[in-house]
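Dumped work_28.txt below, it's compact mmCIF, C-alpha atoms and all ligand atoms:
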# COMPACT_ATOMS: atom_id res chain seq x y z
CA MET A 196 -99.48 -59.79 -21.08
CA THR A 197 -97.62 -56.47 -20.82
CA LYS A 198 -95.06 -55.81 -18.14
CA PRO A 199 -95.60 -52.25 -16.96
CA PHE A 200 -93.66 -50.35 -14.31
CA ARG A 201 -90.30 -51.86 -15.13
CA PHE A 202 -88.63 -48.59 -14.17
CA VAL A 203 -89.39 -49.02 -10.49
CA SER A 204 -87.03 -51.96 -10.03
CA ALA A 205 -84.21 -49.59 -9.10
CA VAL A 206 -86.41 -48.13 -6.37
CA ALA A 207 -87.17 -51.62 -5.11
CA MET A 208 -83.47 -52.40 -4.85
CA VAL A 209 -82.79 -49.24 -2.84
CA CYS A 210 -85.69 -50.08 -0.48
CA ALA A 211 -84.56 -53.63 -0.01
CA PHE A 212 -81.09 -52.45 0.83
CA ALA A 213 -82.31 -49.91 3.37
CA TRP A 214 -84.55 -52.59 4.86
CA ALA A 215 -81.82 -55.14 5.35
CA GLY A 216 -79.07 -52.76 6.24
CA ALA A 217 -79.91 -49.99 8.63
CA ALA A 218 -81.09 -50.52 12.18
CA GLN A 219 -83.86 -48.02 12.69
CA ALA A 220 -84.10 -45.68 15.65
CA ASP A 221 -86.28 -46.52 18.62
CA ILE A 222 -89.80 -45.14 18.38
CA LEU A 223 -91.89 -43.34 21.00
CA ILE A 224 -95.61 -42.99 20.16
CA LYS A 225 -97.10 -40.29 22.39
CA ASN A 226 -100.61 -39.53 23.56
CA VAL A 227 -102.51 -42.03 21.46
CA THR A 228 -105.77 -43.92 22.08
CA LEU A 229 -104.74 -47.55 22.49
CA TYR A 230 -106.57 -50.80 21.77
CA ASP A 231 -103.97 -53.31 22.92
CA GLY A 232 -105.59 -56.32 21.21
CA THR A 233 -106.53 -58.20 24.38
CA GLY A 234 -110.17 -57.14 24.17
CA GLY A 235 -110.15 -54.45 26.83
CA PRO A 236 -111.56 -50.93 26.44
CA ALA A 237 -109.68 -48.07 24.80
CA VAL A 238 -106.88 -46.51 26.85
CA LYS A 239 -106.68 -42.78 26.20
CA GLY A 240 -103.44 -40.83 26.45
CA ALA A 241 -101.23 -43.90 26.07
CA ASN A 242 -97.50 -43.73 25.37
CA ILE A 243 -95.69 -46.64 23.70
CA LEU A 244 -91.92 -47.06 23.56
CA VAL A 245 -90.48 -49.40 20.94
CA LYS A 246 -86.86 -50.39 21.44
CA GLY A 247 -85.30 -52.45 18.70
CA GLU A 248 -87.70 -55.21 17.65
CA ARG A 249 -89.80 -55.15 20.79
CA ILE A 250 -92.24 -53.02 22.73
CA ALA A 251 -90.32 -51.80 25.77
CA GLN A 252 -92.99 -49.90 27.68
CA VAL A 253 -96.69 -49.00 27.49
CA SER A 254 -98.01 -46.41 29.94
CA THR A 255 -100.39 -43.52 30.43
CA LYS A 256 -97.59 -41.84 32.38
CA ALA A 257 -94.88 -39.97 30.52
CA ILE A 258 -92.13 -42.19 29.10
CA SER A 259 -88.68 -40.81 28.47
CA GLY A 260 -87.62 -42.16 25.12
CA GLY A 261 -84.04 -40.86 25.05
CA SER A 262 -83.03 -40.55 21.41
CA ALA A 263 -86.18 -42.32 20.18
CA ARG A 264 -87.97 -40.88 17.19
CA VAL A 265 -91.21 -39.35 18.51
CA ILE A 266 -94.54 -39.89 16.75
CA ASP A 267 -97.30 -37.61 18.02
CA GLY A 268 -100.37 -39.82 18.34
CA THR A 269 -102.77 -37.05 19.33
CA GLY A 270 -106.14 -37.74 17.74
CA LYS A 271 -104.94 -41.11 16.47
CA PHE A 272 -105.44 -44.76 17.45
CA VAL A 273 -103.10 -47.68 17.95
CA MET A 274 -103.90 -51.36 17.59
CA PRO A 275 -101.67 -54.40 16.97
CA GLY A 276 -100.80 -55.30 13.39
CA ILE A 277 -103.49 -57.39 11.69
CA MET A 278 -102.97 -61.14 11.20
CA ASP A 279 -104.42 -63.10 8.32
CA SER A 280 -104.53 -66.65 9.63
CA HIS A 281 -105.28 -68.29 6.30
CA VAL A 282 -103.47 -67.23 3.14
CA HIS A 283 -101.82 -68.89 0.16
CA ILE A 284 -99.00 -66.64 -0.94
CA LYS A 285 -98.99 -66.18 -4.72
CA GLY A 286 -96.07 -67.56 -6.70
CA GLY A 287 -95.92 -71.10 -5.28
CA GLN A 288 -97.91 -72.60 -8.12
CA ARG A 289 -99.02 -71.79 -11.62
CA GLY A 290 -102.37 -72.36 -13.25
CA SER A 291 -105.94 -71.34 -12.61
CA VAL A 292 -107.80 -72.10 -9.42
CA PHE A 293 -109.98 -74.43 -11.49
CA ALA A 294 -107.03 -76.63 -12.39
CA GLY A 295 -107.09 -78.07 -8.85
CA ALA A 296 -104.50 -80.81 -8.42
CA GLU A 297 -103.29 -80.12 -11.98
CA ARG A 298 -101.65 -76.88 -10.92
CA VAL A 299 -97.89 -76.89 -11.35
CA PRO A 300 -95.57 -76.11 -8.42
CA ALA A 301 -93.61 -72.91 -8.99
CA ASN A 302 -91.11 -70.66 -7.29
CA ASP A 303 -92.03 -67.22 -8.63
CA ARG A 304 -90.74 -64.59 -6.24
CA ASP A 305 -91.53 -61.86 -8.77
CA VAL A 306 -95.16 -62.79 -8.21
CA ALA A 307 -94.90 -63.16 -4.43
CA LEU A 308 -92.91 -60.10 -3.35
CA PRO A 309 -95.35 -57.38 -4.51
CA THR A 310 -98.18 -59.20 -2.73
CA LEU A 311 -96.14 -59.27 0.49
CA ARG A 312 -95.61 -55.52 0.30
CA GLY A 313 -99.34 -55.20 -0.32
CA PHE A 314 -100.11 -57.08 2.89
CA LEU A 315 -98.06 -54.56 4.88
CA TYR A 316 -99.72 -51.66 3.07
CA SER A 317 -103.06 -53.16 4.12
CA GLY A 318 -102.00 -53.25 7.79
CA VAL A 319 -101.29 -56.99 7.86
CA THR A 320 -98.07 -57.72 9.77
CA SER A 321 -98.41 -61.53 10.02
CA VAL A 322 -99.74 -64.19 7.69
CA TYR A 323 -100.12 -67.93 8.10
CA ASP A 324 -99.67 -69.67 4.75
CA SER A 325 -102.00 -72.61 5.03
CA GLY A 326 -100.62 -74.77 2.23
CA ASN A 327 -98.01 -74.12 -0.45
CA ASN A 328 -95.07 -75.46 -2.42
CA GLU A 329 -92.29 -76.14 0.09
CA PRO A 330 -89.24 -75.17 -2.05
CA PHE A 331 -91.05 -71.83 -2.53
CA ILE A 332 -92.55 -71.06 0.85
CA PHE A 333 -89.88 -72.11 3.36
CA PRO A 334 -86.98 -70.14 1.80
CA LEU A 335 -89.35 -67.17 1.43
CA ARG A 336 -90.21 -67.43 5.14
CA ASP A 337 -86.53 -67.74 6.04
CA ASP A 338 -85.67 -64.61 4.04
CA GLU A 339 -88.46 -62.75 5.82
CA ARG A 340 -87.04 -63.79 9.20
CA ALA A 341 -83.55 -62.73 8.13
CA GLY A 342 -84.90 -59.28 7.20
CA LYS A 343 -83.96 -59.76 3.56
CA ILE A 344 -87.37 -58.97 2.07
CA ILE A 345 -90.11 -56.42 2.78
CA SER A 346 -92.87 -58.65 4.09
CA PRO A 347 -95.24 -59.37 6.93
CA ARG A 348 -94.12 -62.17 9.24
CA ILE A 349 -94.63 -65.43 7.38
CA PHE A 350 -95.72 -68.59 9.16
CA ALA A 351 -96.06 -71.58 6.89
CA ALA A 352 -97.44 -75.09 6.76
CA GLY A 353 -95.74 -76.25 3.58
CA GLY A 354 -97.62 -78.90 1.61
CA VAL A 355 -100.92 -80.14 3.02
CA ILE A 356 -101.34 -83.65 4.42
CA THR A 357 -103.98 -85.74 2.69
CA VAL A 358 -104.42 -89.17 1.06
CA PRO A 359 -103.93 -90.35 -2.55
CA GLY A 360 -106.89 -89.09 -4.57
CA GLY A 361 -107.98 -86.92 -1.64
CA TYR A 362 -108.89 -83.26 -1.44
CA GLY A 363 -105.84 -81.04 -1.91
CA GLY A 364 -103.84 -84.00 -3.19
CA GLY A 365 -101.76 -82.05 -5.70
CA PRO A 366 -98.04 -82.46 -6.33
CA THR A 367 -97.02 -80.34 -3.33
CA SER A 368 -98.99 -82.42 -0.83
CA LEU A 369 -97.99 -85.32 1.40
CA ARG A 370 -100.33 -88.17 0.42
CA VAL A 371 -100.34 -90.62 3.30
CA GLU A 372 -100.82 -94.26 2.31
CA ASN A 373 -99.74 -95.99 5.53
CA TRP A 374 -98.03 -95.01 8.76
CA GLU A 375 -94.47 -95.98 7.73
CA GLN A 376 -94.63 -93.92 4.56
CA GLY A 377 -96.53 -91.12 6.32
CA LYS A 378 -94.04 -90.94 9.18
CA ALA A 379 -91.13 -90.67 6.74
CA GLY A 380 -92.95 -87.82 5.00
CA LEU A 381 -93.57 -86.08 8.29
CA ASP A 382 -89.93 -86.43 9.34
CA ALA A 383 -88.85 -84.82 6.07
CA LYS A 384 -91.36 -82.06 6.72
CA PHE A 385 -90.23 -81.45 10.30
CA ALA A 386 -86.65 -81.00 9.04
CA LYS A 387 -87.95 -77.92 7.18
CA LYS A 388 -89.42 -76.52 10.41
CA PRO A 389 -93.06 -75.93 9.46
CA ASP A 390 -94.77 -73.47 11.82
CA MET A 391 -97.92 -75.59 11.89
CA LEU A 392 -99.10 -78.58 9.87
CA LYS A 393 -102.14 -78.45 7.62
CA MET A 394 -104.20 -81.61 7.39
CA ILE A 395 -107.20 -82.44 5.26
CA LYS A 396 -110.39 -84.01 6.62
CA GLU A 397 -112.70 -83.51 3.69
CA GLU A 398 -114.98 -85.97 1.95
CA GLN A 399 -116.72 -83.51 -0.42
CA GLY A 400 -119.76 -85.31 -1.86
CA LEU A 401 -122.25 -82.67 -0.76
CA TYR A 402 -123.83 -80.05 -3.03
CA GLY A 403 -123.31 -82.42 -5.94
CA SER A 404 -119.52 -82.53 -5.72
CA LYS A 405 -117.71 -85.81 -6.23
CA ALA A 406 -116.97 -87.74 -3.03
CA VAL A 407 -113.26 -88.28 -2.28
CA PRO A 408 -111.32 -90.35 0.29
CA THR A 409 -109.79 -88.61 3.31
CA LEU A 410 -107.54 -89.37 6.30
CA SER A 411 -109.07 -91.94 8.64
CA ASP A 412 -109.65 -90.92 12.26
CA GLU A 413 -106.94 -93.35 13.32
CA MET A 414 -104.34 -91.95 10.92
CA PHE A 415 -105.40 -88.41 11.78
CA LYS A 416 -104.73 -89.07 15.48
CA ARG A 417 -101.36 -90.68 14.78
CA ILE A 418 -100.32 -87.58 12.85
CA THR A 419 -101.51 -85.07 15.47
CA ASP A 420 -99.85 -87.14 18.22
CA TYR A 421 -96.58 -87.29 16.29
CA ALA A 422 -96.73 -83.57 15.54
CA ARG A 423 -97.28 -82.81 19.22
CA GLN A 424 -94.30 -84.97 20.18
CA ASN A 425 -92.28 -82.85 17.75
CA GLY A 426 -93.64 -79.58 19.16
CA VAL A 427 -95.61 -78.70 16.03
CA ARG A 428 -99.21 -77.51 16.05
CA THR A 429 -101.77 -78.85 13.59
CA THR A 430 -104.61 -77.27 11.69
CA VAL A 431 -107.20 -78.90 9.49
CA HIS A 432 -109.29 -78.17 6.44
CA VAL A 433 -112.85 -79.27 7.18
CA SER A 434 -116.31 -78.35 5.97
CA SER A 435 -118.68 -80.87 7.59
CA GLU A 436 -119.40 -80.96 11.30
CA TRP A 437 -118.93 -84.73 11.31
CA GLN A 438 -115.31 -84.49 10.17
CA ALA A 439 -114.62 -81.36 12.20
CA GLN A 440 -115.78 -83.05 15.37
CA ALA A 441 -113.59 -86.07 14.60
CA ALA A 442 -110.62 -83.75 14.03
CA ALA A 443 -111.25 -81.98 17.34
CA VAL A 444 -111.57 -85.22 19.27
CA ASN A 445 -108.45 -86.60 17.58
CA GLY A 446 -106.22 -83.81 18.75
CA VAL A 447 -106.11 -81.04 16.14
CA SER A 448 -104.87 -77.67 17.48
CA ALA A 449 -106.86 -75.35 15.21
CA MET A 450 -109.22 -75.28 12.23
CA ALA A 451 -108.51 -73.61 8.90
CA HIS A 452 -112.22 -73.07 8.20
CA PRO A 453 -115.44 -73.15 10.20
CA VAL A 454 -118.15 -75.65 9.36
CA GLN A 455 -120.23 -73.85 6.77
CA ARG A 456 -122.60 -76.45 5.41
CA ALA A 457 -125.28 -76.61 8.06
CA VAL A 458 -126.39 -75.08 11.33
CA LEU A 459 -124.01 -76.22 14.09
CA ASN A 460 -125.09 -78.53 16.87
CA ASP A 461 -124.79 -77.22 20.44
CA SER A 462 -122.46 -80.06 21.41
CA PHE A 463 -120.01 -79.18 18.65
CA VAL A 464 -119.92 -75.48 19.52
CA LYS A 465 -119.33 -76.41 23.16
CA LEU A 466 -116.52 -78.78 22.18
CA LEU A 467 -114.74 -75.98 20.26
CA ALA A 468 -115.17 -73.54 23.14
CA ASP A 469 -114.16 -76.03 25.87
CA ARG A 470 -111.06 -77.22 24.02
CA LYS A 471 -110.18 -73.65 23.00
CA ILE A 472 -109.72 -74.68 19.37
CA PRO A 473 -109.25 -71.49 17.34
CA ILE A 474 -111.06 -71.21 14.02
CA SER A 475 -109.88 -69.21 11.03
CA THR A 476 -113.07 -67.50 9.85
CA THR A 477 -112.69 -67.54 6.01
CA LEU A 478 -116.24 -66.19 5.73
CA ILE A 479 -115.53 -64.47 2.41
CA ASN A 480 -115.18 -67.89 0.84
CA TYR A 481 -118.96 -67.74 0.99
CA THR A 482 -119.88 -64.06 1.08
CA GLN A 483 -117.55 -62.97 -1.70
CA ILE A 484 -118.18 -65.87 -4.07
CA ALA A 485 -121.93 -65.54 -3.48
CA ARG A 486 -121.65 -61.89 -4.63
CA TYR A 487 -119.92 -63.01 -7.84
CA GLY A 488 -123.38 -63.89 -9.09
CA ASP A 489 -124.47 -60.24 -8.89
CA ALA A 490 -123.93 -57.67 -11.63
CA ASP A 491 -121.59 -55.66 -9.38
CA GLY A 492 -119.84 -58.78 -8.06
CA VAL A 493 -116.31 -57.52 -8.62
CA LYS A 494 -116.96 -53.88 -7.82
CA PHE A 495 -114.78 -54.23 -4.73
CA LEU A 496 -111.76 -54.16 -7.04
CA ASP A 497 -112.40 -50.42 -7.49
CA GLU A 498 -111.95 -49.75 -3.78
CA PRO A 499 -108.87 -47.68 -2.88
CA LEU A 500 -106.97 -50.45 -1.10
CA PHE A 501 -107.40 -52.96 -3.94
CA GLN A 502 -106.35 -50.26 -6.42
CA ALA A 503 -103.36 -49.37 -4.30
CA VAL A 504 -101.82 -52.83 -4.00
CA MET A 505 -103.00 -54.91 -6.96
CA THR A 506 -101.87 -54.36 -10.54
CA GLU A 507 -104.36 -54.25 -13.37
CA ALA A 508 -103.27 -57.75 -14.41
CA GLU A 509 -103.81 -59.10 -10.90
CA ARG A 510 -107.27 -57.57 -10.72
CA LYS A 511 -108.08 -58.97 -14.14
CA GLU A 512 -107.25 -62.43 -12.81
CA VAL A 513 -109.92 -61.98 -10.14
CA VAL A 514 -112.44 -61.02 -12.83
CA GLU A 515 -111.56 -64.17 -14.79
CA GLU A 516 -111.86 -66.27 -11.65
CA ARG A 517 -115.33 -64.81 -11.17
CA GLU A 518 -116.33 -65.76 -14.70
CA GLY A 519 -115.16 -69.31 -14.06
CA PHE A 520 -117.15 -69.56 -10.85
CA VAL A 521 -120.28 -68.24 -12.54
CA LYS A 522 -119.89 -70.89 -15.27
CA ILE A 523 -120.07 -73.69 -12.70
CA ASP A 524 -122.92 -71.97 -10.85
CA LEU A 525 -120.90 -71.66 -7.65
CA PRO A 526 -122.25 -68.20 -6.67
CA ALA A 527 -125.80 -69.54 -6.54
CA THR A 528 -124.67 -72.56 -4.52
CA PHE A 529 -122.69 -70.40 -2.14
CA LYS A 530 -125.64 -68.07 -1.64
CA LEU A 531 -127.36 -71.03 0.00
CA GLY A 532 -124.34 -71.87 2.15
CA GLU A 533 -123.72 -68.23 3.00
CA ARG A 534 -126.67 -68.13 5.38
CA TYR A 535 -125.23 -70.99 7.43
CA ALA A 536 -121.73 -69.54 7.34
CA ILE A 537 -122.89 -66.17 8.66
CA ALA A 538 -125.16 -67.62 11.35
CA ASN A 539 -122.47 -70.05 12.50
CA ALA A 540 -119.80 -67.34 12.75
CA LYS A 541 -122.00 -65.25 15.01
CA ARG A 542 -123.06 -68.22 17.09
CA MET A 543 -119.47 -69.40 17.67
CA PHE A 544 -118.52 -65.86 18.67
CA ASP A 545 -121.43 -65.64 21.11
CA GLU A 546 -120.51 -69.00 22.68
CA GLY A 547 -116.88 -68.02 23.26
CA VAL A 548 -115.14 -69.90 20.44
CA ILE A 549 -111.80 -68.27 19.52
CA LEU A 550 -112.23 -66.78 16.03
CA THR A 551 -109.33 -65.38 14.00
CA SER A 552 -109.60 -63.42 10.76
CA GLY A 553 -108.51 -65.57 7.82
CA THR A 554 -109.23 -65.06 4.14
CA ASP A 555 -107.96 -68.04 2.13
CA ARG A 556 -106.66 -65.45 -0.36
CA GLY A 557 -103.31 -64.09 -1.46
CA TYR A 558 -103.72 -60.33 -1.19
CA GLY A 559 -103.76 -57.99 1.79
CA PRO A 560 -107.00 -56.07 1.20
CA PHE A 561 -109.15 -59.20 1.50
CA VAL A 562 -108.73 -59.24 5.27
CA HIS A 563 -110.72 -56.01 5.41
CA MET A 564 -113.45 -57.66 3.36
CA GLU A 565 -113.38 -60.56 5.83
CA LEU A 566 -113.68 -58.20 8.80
CA ALA A 567 -116.58 -56.39 7.09
CA SER A 568 -118.31 -59.75 6.55
CA LEU A 569 -117.87 -60.70 10.21
CA ASN A 570 -119.17 -57.28 11.21
CA LYS A 571 -122.21 -57.79 9.01
CA ALA A 572 -122.71 -61.17 10.69
CA GLY A 573 -123.23 -59.29 13.95
CA ILE A 574 -119.77 -59.10 15.55
CA SER A 575 -118.97 -55.55 16.64
CA ALA A 576 -116.00 -53.62 15.27
CA ALA A 577 -114.66 -53.38 18.83
CA ALA A 578 -114.72 -57.18 19.23
CA LEU A 579 -113.09 -57.60 15.81
CA ILE A 580 -109.89 -55.92 17.03
CA LYS A 581 -108.96 -59.01 19.04
CA ILE A 582 -110.21 -61.36 16.29
CA ALA A 583 -107.93 -59.54 13.82
CA THR A 584 -104.89 -59.61 16.08
CA LEU A 585 -104.30 -61.57 19.31
CA ASN A 586 -106.53 -64.48 18.28
CA GLY A 587 -104.36 -64.95 15.18
CA ALA A 588 -101.32 -65.30 17.44
CA ILE A 589 -103.20 -67.84 19.57
CA TYR A 590 -104.08 -69.76 16.41
CA MET A 591 -100.38 -70.06 15.60
CA GLY A 592 -99.33 -70.68 19.18
CA ARG A 593 -97.33 -67.45 19.16
CA GLU A 594 -99.32 -65.38 21.66
CA LYS A 595 -96.38 -65.00 24.05
CA ASP A 596 -94.55 -62.96 21.42
CA LEU A 597 -97.18 -61.52 19.11
CA GLY A 598 -100.69 -60.21 18.76
CA SER A 599 -100.98 -57.41 21.31
CA VAL A 600 -99.43 -54.08 22.20
CA GLU A 601 -97.84 -55.03 25.50
CA ALA A 602 -94.34 -54.64 26.91
CA GLY A 603 -92.07 -57.49 25.85
CA LYS A 604 -93.90 -58.40 22.63
CA TYR A 605 -92.59 -57.84 19.13
CA ALA A 606 -93.47 -54.35 17.94
CA ASP A 607 -96.06 -55.01 15.21
CA ILE A 608 -98.24 -51.91 15.46
CA LEU A 609 -100.78 -49.98 13.41
CA ILE A 610 -101.42 -46.29 13.91
CA LEU A 611 -104.87 -45.40 12.56
CA LYS A 612 -106.41 -42.04 11.74
CA ALA A 613 -109.87 -43.13 12.90
CA ASP A 614 -111.30 -45.24 15.71
CA PRO A 615 -111.39 -48.95 14.70
CA ALA A 616 -113.92 -49.76 17.44
CA ALA A 617 -116.34 -47.18 16.03
CA ASP A 618 -116.51 -48.58 12.50
CA VAL A 619 -114.89 -51.61 10.86
CA LYS A 620 -114.03 -49.40 7.86
CA ASN A 621 -111.60 -47.57 10.14
CA PHE A 622 -109.30 -50.60 10.20
CA GLN A 623 -108.33 -49.27 6.76
CA ALA A 624 -107.61 -45.71 7.98
CA ILE A 625 -103.94 -46.61 8.19
CA ASP A 626 -101.51 -43.87 9.05
CA THR A 627 -98.43 -45.92 9.94
CA VAL A 628 -97.42 -49.58 9.99
CA ILE A 629 -94.62 -50.75 12.26
CA LYS A 630 -93.37 -54.32 11.86
CA ASN A 631 -90.66 -55.77 14.07
CA GLY A 632 -89.93 -52.28 15.41
CA GLN A 633 -89.41 -50.84 11.94
CA ARG A 634 -91.68 -48.22 10.43
CA ILE A 635 -92.69 -49.20 6.89
CA ASP A 636 -92.09 -46.31 4.52
CA PHE A 637 -95.24 -46.42 2.37
CA ALA A 638 -93.94 -43.80 -0.08
CA LYS A 639 -91.04 -46.06 -1.02
CA LEU A 640 -92.97 -49.33 -1.38
CA ASP A 641 -92.87 -50.73 -4.90
CA LEU A 642 -96.66 -50.96 -5.33
CA PRO A 643 -99.18 -49.71 -7.91
CA VAL A 644 -100.15 -46.83 -5.61
CA ASN A 645 -96.66 -45.40 -6.06
CA HIS A 646 -96.44 -46.15 -9.78
CA LYS A 647 -99.27 -43.86 -10.71
CA LYS A 648 -97.49 -40.70 -9.57
ZN ZN B 701 -106.81 -72.43 2.00
Since I need it in another form, could you write the structure as structure tokens?
Ligand SMILES: [Zn+2]
Amino acid sequence: MTKPFRFVSAVAMVCAFAWAGAAQADILIKNVTLYDGTGGPAVKGANILVKGERIAQVSTKAISGGSARVIDGTGKFVMPGIMDSHVHIKGGQRGSVFAGAERVPANDRDVALPTLRGFLYSGVTSVYDSGNNEPFIFPLRDDERAGKIISPRIFAAGGVITVPGGYGGGPTSLRVENWEQGKAGLDAKFAKKPDMLKMIKEEQGLYGSKAVPTLSDEMFKRITDYARQNGVRTTVHVSSEWQAQAAAVNGVSAMAHPVQRAVLNDSFVKLLADRKIPISTTLINYTQIARYGDADGVKFLDEPLFQAVMTEAERKEVVEEREGFVKIDLPATFKLGERYAIANAKRMFDEGVILTSGTDRGYGPFVHMELASLNKAGISAAALIKIATLNGAIYMGREKDLGSVEAGKYADILILKADPAADVKNFQAIDTVIKNGQRIDFAKLDLPVNHKK
């Protein structure tokens, strides 16, 4: 495999230095149409003052910004930075997706860092990594928090919690055999300060897949109880309503996927709504893989955003992944499941379940594909603003600090050239990304879009 674009490494070093070193000026965005992320209507003629890392003031009255750098927002739109509540950052393991538990843990920052810049370029200012190699992901997260790398905010689970021989039971996982051994594993995990745990409640066995053991309800509850005592939220991989309901009853904080295998029962939807259990949507797991069966199944890779942030080699990997999926007939299978997934997403939305945009991918542009899928399922672009932002913060338990454009919150802000409530495509009409009060200089980002010049 060739290694193009070696010459840009000097540029990357300069950027990284500027990022870590200089405190940027305060920012005053004037006369913009604001969607604050809380689900309310557009506020026209809004002014937003960012001081340091935080939003200092939001008002339709004039704000005096002192020496703040002024951005004229006339004709433009502001919304909070997008959150992807289910990613797996690239570089934490090697091997194809088909290798499953055989994949080898890795610590490849050269792989990870360009993808992180690509998330920002796509308007994503926070990601929750829902399962990864701990020696890779936690130091990466710590460097993000220290301002050492150009990256969206990283929240991370570390290795998933499963059982020996269970789903996700690769080398980076905690395989719980009994409570003593499990508790020791959890204590070691808590010392690394995971932002939220990721548990597995998955028996497979449907659609012809091999059945596997999973955490018992009793063990599941012990883990969620212990996590709560330690102030750590929990999320769970599920696919059947049976297991999802057990997870909800046994204290899980959030779900990493919706149930996508059958039409949901009323009682289950009500349980999710009543207990305010947020669900990461991951609809493209179905809609995208179902499309892989079509002749134009990877045409999305030609779209401007994918071209801008993914190298040719990275896009080729997606094409190979598609070929592998076709070989095992997964697109046809997922076409069947897709109907349930779409209907369930809409139904949960209608019944007041908290949905948050999650992709289960490792690249920024996929969140726009996820939002388009949710839109196609019948959720309006206007409603998707909150699903793409504040609900992600709720999922991670960080809504006091993140997820909306309100005074006191961290300044993670998108300025768009077109109205996101009018058309979901406009979430991609990105003019400016501000993360942690700092404007991201797109022209200087070490990404394919800047290599082609
Ligand atoms: Zn995942």
Taking all atoms of region 598-607 of chain A that the file lists and extending 6 Å past them on each side, where is the centre of the axis-aligned box and how long are its edges? Answer in Å to one decimal, as JSON.
{"center_x": -96.5, "center_y": -57.1, "center_z": 21.1, "size_x": 20.9, "size_y": 18.1, "size_z": 23.7}
Test item: residues at most 10 Å from Tyr230 (chain A), all atoms listed in the file, excluding those fewer than 2 positions along its chain, as a compact mmCIF listing (two decimals) with C-alpha atoms, in the coordinates of the input:
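Once everything was written out, this is selection.txt:
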# COMPACT_ATOMS: atom_id res chain seq x y z
CA VAL A 227 -102.51 -42.03 21.46
CA THR A 228 -105.77 -43.92 22.08
CA GLY A 232 -105.59 -56.32 21.21
CA THR A 233 -106.53 -58.20 24.38
CA GLY A 234 -110.17 -57.14 24.17
CA GLY A 235 -110.15 -54.45 26.83
CA PRO A 236 -111.56 -50.93 26.44
CA ALA A 237 -109.68 -48.07 24.80
CA VAL A 238 -106.88 -46.51 26.85
CA LYS A 239 -106.68 -42.78 26.20
CA ALA A 241 -101.23 -43.90 26.07
CA PHE A 272 -105.44 -44.76 17.45
CA VAL A 273 -103.10 -47.68 17.95
CA MET A 274 -103.90 -51.36 17.59
CA PRO A 275 -101.67 -54.40 16.97
CA ALA A 577 -114.66 -53.38 18.83
CA ILE A 580 -109.89 -55.92 17.03
CA LYS A 581 -108.96 -59.01 19.04
CA SER A 599 -100.98 -57.41 21.31
CA VAL A 600 -99.43 -54.08 22.20
CA ASP A 614 -111.30 -45.24 15.71
CA PRO A 615 -111.39 -48.95 14.70
CA ALA A 616 -113.92 -49.76 17.44
Produce a table with one row for each residue of region 383-448 of chain A that has an atom at most 10 Å from any atom of region 308-326 of chain A, each row naming the nearest atom pair and its distance in Å at one decimal; use only C-alpha atoms; arrange rows by chain and rising residue number; format as a tab-separated table.
residue	atom	partner	partner_atom	distance
A:Asp390	CA	A:Tyr323	CA	8.6
A:Met391	CA	A:Ser325	CA	8.5
A:Leu392	CA	A:Ser325	CA	8.2
A:Lys393	CA	A:Ser325	CA	6.4
A:Met394	CA	A:Gly326	CA	9.3
A:Thr430	CA	A:Ser325	CA	8.5
A:Val431	CA	A:Ser325	CA	9.3
A:His432	CA	A:Ser325	CA	9.3
Any chance you can output those residues with C-alpha atoms as a PDB file, keeping the file's coordinate frame?
ATOM      1  CA  ASP A 390     -94.770 -73.470  11.820  1.00  0.00           C
ATOM      2  CA  MET A 391     -97.920 -75.590  11.890  1.00  0.00           C
ATOM      3  CA  LEU A 392     -99.100 -78.580   9.870  1.00  0.00           C
ATOM      4  CA  LYS A 393    -102.140 -78.450   7.620  1.00  0.00           C
ATOM      5  CA  MET A 394    -104.200 -81.610   7.390  1.00  0.00           C
ATOM      6  CA  THR A 430    -104.610 -77.270  11.690  1.00  0.00           C
ATOM      7  CA  VAL A 431    -107.200 -78.900   9.490  1.00  0.00           C
ATOM      8  CA  HIS A 432    -109.290 -78.170   6.440  1.00  0.00           C
TER       9      HIS A 432
END
Inset, instruction - Pick out the residues sitting within 12 Å of Lys494 (chain A), and hand them over as a ChimeraX atom specification; count only C-alpha atoms, and ignore anything fewer than 4 positions along from it in its own chain. - result: /A:483,486-490,498-499,501-502,510,513-514,517
Go ahead and save the picked residues with C-alpha atoms, as a PDB file, in the coordinates of the input.
ATOM      1  CA  GLN A 483    -117.550 -62.970  -1.700  1.00  0.00           C
ATOM      2  CA  ARG A 486    -121.650 -61.890  -4.630  1.00  0.00           C
ATOM      3  CA  TYR A 487    -119.920 -63.010  -7.840  1.00  0.00           C
ATOM      4  CA  GLY A 488    -123.380 -63.890  -9.090  1.00  0.00           C
ATOM      5  CA  ASP A 489    -124.470 -60.240  -8.890  1.00  0.00           C
ATOM      6  CA  ALA A 490    -123.930 -57.670 -11.630  1.00  0.00           C
ATOM      7  CA  GLU A 498    -111.950 -49.750  -3.780  1.00  0.00           C
ATOM      8  CA  PRO A 499    -108.870 -47.680  -2.880  1.00  0.00           C
ATOM      9  CA  PHE A 501    -107.400 -52.960  -3.940  1.00  0.00           C
ATOM     10  CA  GLN A 502    -106.350 -50.260  -6.420  1.00  0.00           C
ATOM     11  CA  ARG A 510    -107.270 -57.570 -10.720  1.00  0.00           C
ATOM     12  CA  VAL A 513    -109.920 -61.980 -10.140  1.00  0.00           C
ATOM     13  CA  VAL A 514    -112.440 -61.020 -12.830  1.00  0.00           C
ATOM     14  CA  ARG A 517    -115.330 -64.810 -11.170  1.00  0.00           C
TER      15      ARG A 517
END
